[in-house]
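Q: The following block contains the structure, expressed as structure tokens.
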Amino acid sequence: MPREPLRSLTSRLPEPQQAEEMMLTLHRESDRTAAIVGASMVESALEELITSSLKSEATDIAEKLFENRGPLSDFNSKIVVAQAFSVITDRMADDLQRIRKVRNCFAHARLLIDFENPLIAREVSELAAVVAVRSTEHNYPVGSKFPYNSHKTSFGLSCYTFVKLLAAPNRMTDPRGLTDEGLRHAYAASGGEAGDPFADALAGEIERRNLDI
């Protein structure tokens, strides 16, 4: 019986509930783990979205694309191709590239680095979900801790939001690209629970537009 290759472990995806738990607890992990695991989950979600958009009925087409040095075996190639074929928007591609760069920095840096490093903090602060949710800080009760001042928590928020967006029926957009009605619908579908990263990101965009919920 042939031995299962070690690389098969990297292609397995967690069950939905386990994936949800992993994404929501990234802030408890080390900075390096949070960056690598969070970005890996986003890359997997993007791969699934691309796979669902394929027109070929060949049963091995996904394996040829994504595995064994296939043309879409790395994160950057997935982003570029998804953007080129309008599977994702240009703005989503920009944020995905930021997530990829942060992941690569943590994966390959020979120095001890963390999310408070000014170069990493700058990339995280420019992510759309982070910009949106940080605009809601004044809604938090006086004296309570605003979680998204932490760059690690904010990075986890962005990764979590992307996993949700890439799996959503309206996959062609991000919170900024939704219509007002679409934004309200997405917020309602999220449950609108304070502290939920996806709901917080949508709430931030709703507030930025001065919309009524």
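Chains: A, B, ... in order of the structure tokens. Residues: from 1 per chain. Ligands: from 1, in order shown.
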Name the residues of range 58-105 of chain A that fall into helix (DSSP H, G or I) according to DSSP on the backbone, using the chain letters and numbers of this document, as a PyMOL selection string.
A: chain A and resi 61-66+75-84+90-105
Q: Name all residues at most 10 Å from Ser150 in chain A (count only C-alpha atoms; drop same-chain ones fewer than 4 positions away) and give them as a PyMOL selection string.
A: chain A and resi 27+115-116+121+124+146+154-156
Q: Limited to N, CA, C and O atoms, could you put the picked residues into a file as a PDB file, in the first residue's frame?
A:
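Final output, saved to result.pdb:
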ATOM      1  N   HIS A  27      -6.475  35.519  17.721  1.00  0.00           N
ATOM      2  CA  HIS A  27      -5.846  36.521  18.583  1.00  0.00           C
ATOM      3  C   HIS A  27      -5.198  35.907  19.820  1.00  0.00           C
ATOM      4  O   HIS A  27      -4.395  36.552  20.486  1.00  0.00           O
ATOM      5  N   PHE A 115       3.209  41.872  15.314  1.00  0.00           N
ATOM      6  CA  PHE A 115       2.282  42.757  14.610  1.00  0.00           C
ATOM      7  C   PHE A 115       2.467  44.222  14.962  1.00  0.00           C
ATOM      8  O   PHE A 115       1.900  45.090  14.289  1.00  0.00           O
ATOM      9  N   GLU A 116       3.237  44.506  16.001  1.00  0.00           N
ATOM     10  CA  GLU A 116       3.479  45.900  16.364  1.00  0.00           C
ATOM     11  C   GLU A 116       4.636  46.504  15.570  1.00  0.00           C
ATOM     12  O   GLU A 116       4.901  47.706  15.684  1.00  0.00           O
ATOM     13  N   ALA A 121       2.301  46.745  10.928  1.00  0.00           N
ATOM     14  CA  ALA A 121       1.137  47.503  11.403  1.00  0.00           C
ATOM     15  C   ALA A 121       0.561  48.369  10.287  1.00  0.00           C
ATOM     16  O   ALA A 121      -0.668  48.516  10.168  1.00  0.00           O
ATOM     17  N   VAL A 124      -1.520  46.161   7.922  1.00  0.00           N
ATOM     18  CA  VAL A 124      -2.766  45.750   8.570  1.00  0.00           C
ATOM     19  C   VAL A 124      -3.748  46.918   8.634  1.00  0.00           C
ATOM     20  O   VAL A 124      -4.948  46.757   8.368  1.00  0.00           O
ATOM     21  N   PHE A 146     -11.420  48.430  23.386  1.00  0.00           N
ATOM     22  CA  PHE A 146     -11.729  48.313  21.958  1.00  0.00           C
ATOM     23  C   PHE A 146     -10.740  47.312  21.354  1.00  0.00           C
ATOM     24  O   PHE A 146      -9.543  47.594  21.258  1.00  0.00           O
ATOM     25  N   SER A 154      -6.856  42.774  14.581  1.00  0.00           N
ATOM     26  CA  SER A 154      -7.364  43.374  13.347  1.00  0.00           C
ATOM     27  C   SER A 154      -7.019  42.517  12.129  1.00  0.00           C
ATOM     28  O   SER A 154      -7.821  42.389  11.200  1.00  0.00           O
ATOM     29  N   PHE A 155      -5.826  41.929  12.128  1.00  0.00           N
ATOM     30  CA  PHE A 155      -5.460  41.038  11.033  1.00  0.00           C
ATOM     31  C   PHE A 155      -6.375  39.818  11.026  1.00  0.00           C
ATOM     32  O   PHE A 155      -6.853  39.393   9.972  1.00  0.00           O
ATOM     33  N   GLY A 156      -6.636  39.260  12.219  1.00  0.00           N
ATOM     34  CA  GLY A 156      -7.556  38.132  12.316  1.00  0.00           C
ATOM     35  C   GLY A 156      -8.948  38.501  11.829  1.00  0.00           C
ATOM     36  O   GLY A 156      -9.619  37.712  11.160  1.00  0.00           O
TER      37      GLY A 156
END
Q: When you count only C-alpha atoms, which of these residues is closest to Asp180 in chain A: A:Thr153, A:Ser158, A:Asn210, A:Thr25?
A: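 Closest to Asp180 in chain A, using only C-alpha atoms: A:Asn210.
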Q: Go through A:Thr89, A:Lys145, A:Pro118, A:Gln17 and flag the residue nearest Leu178 in chain A, using only C-alpha atoms for the distances.
A: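 Of A:Thr89, A:Lys145, A:Pro118, A:Gln17, the one nearest Leu178 in chain A is A:Thr89, counting only C-alpha atoms.
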Q: Looking at A:Ile99, A:Ala201, A:Val163, A:Leu127, which one is nearest to Glu48 in chain A, with distances taken over only C-alpha atoms?
A: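 Among the listed residues, A:Val163 lies closest to Glu48 in chain A.
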Q: When you draw a straight line from CA of Ala19 in chain A to CA of Leu54 in chain A, how long is it in Å?
A: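 Separation between CA of Ala19 in chain A and CA of Leu54 in chain A: 24.1 Å.
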Q: Between CA of Val102 in chain A and CA of Arg32 in chain A, what is the distance in Å, rounded to a tenth?
A: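 Taking CA of Val102 in chain A and CA of Arg32 in chain A, their separation equals 9.8 Å.
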Q: Counting only C-alpha atoms, which residue out of A:Ile113, A:Ala45, A:Ile120, A:Ala58 sits closest to Lys101 in chain A?
A: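 Using only C-alpha atoms, Lys101 in chain A sits closest to A:Ile120.
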Q: I'd like the contact shell of Ile36 in chain A - 8 Å cut-off, only C-alpha atoms, skipping same-chain residues fewer than 5 positions apart - returned as a ChimeraX atom specification.
A: /A:103-104,106-107
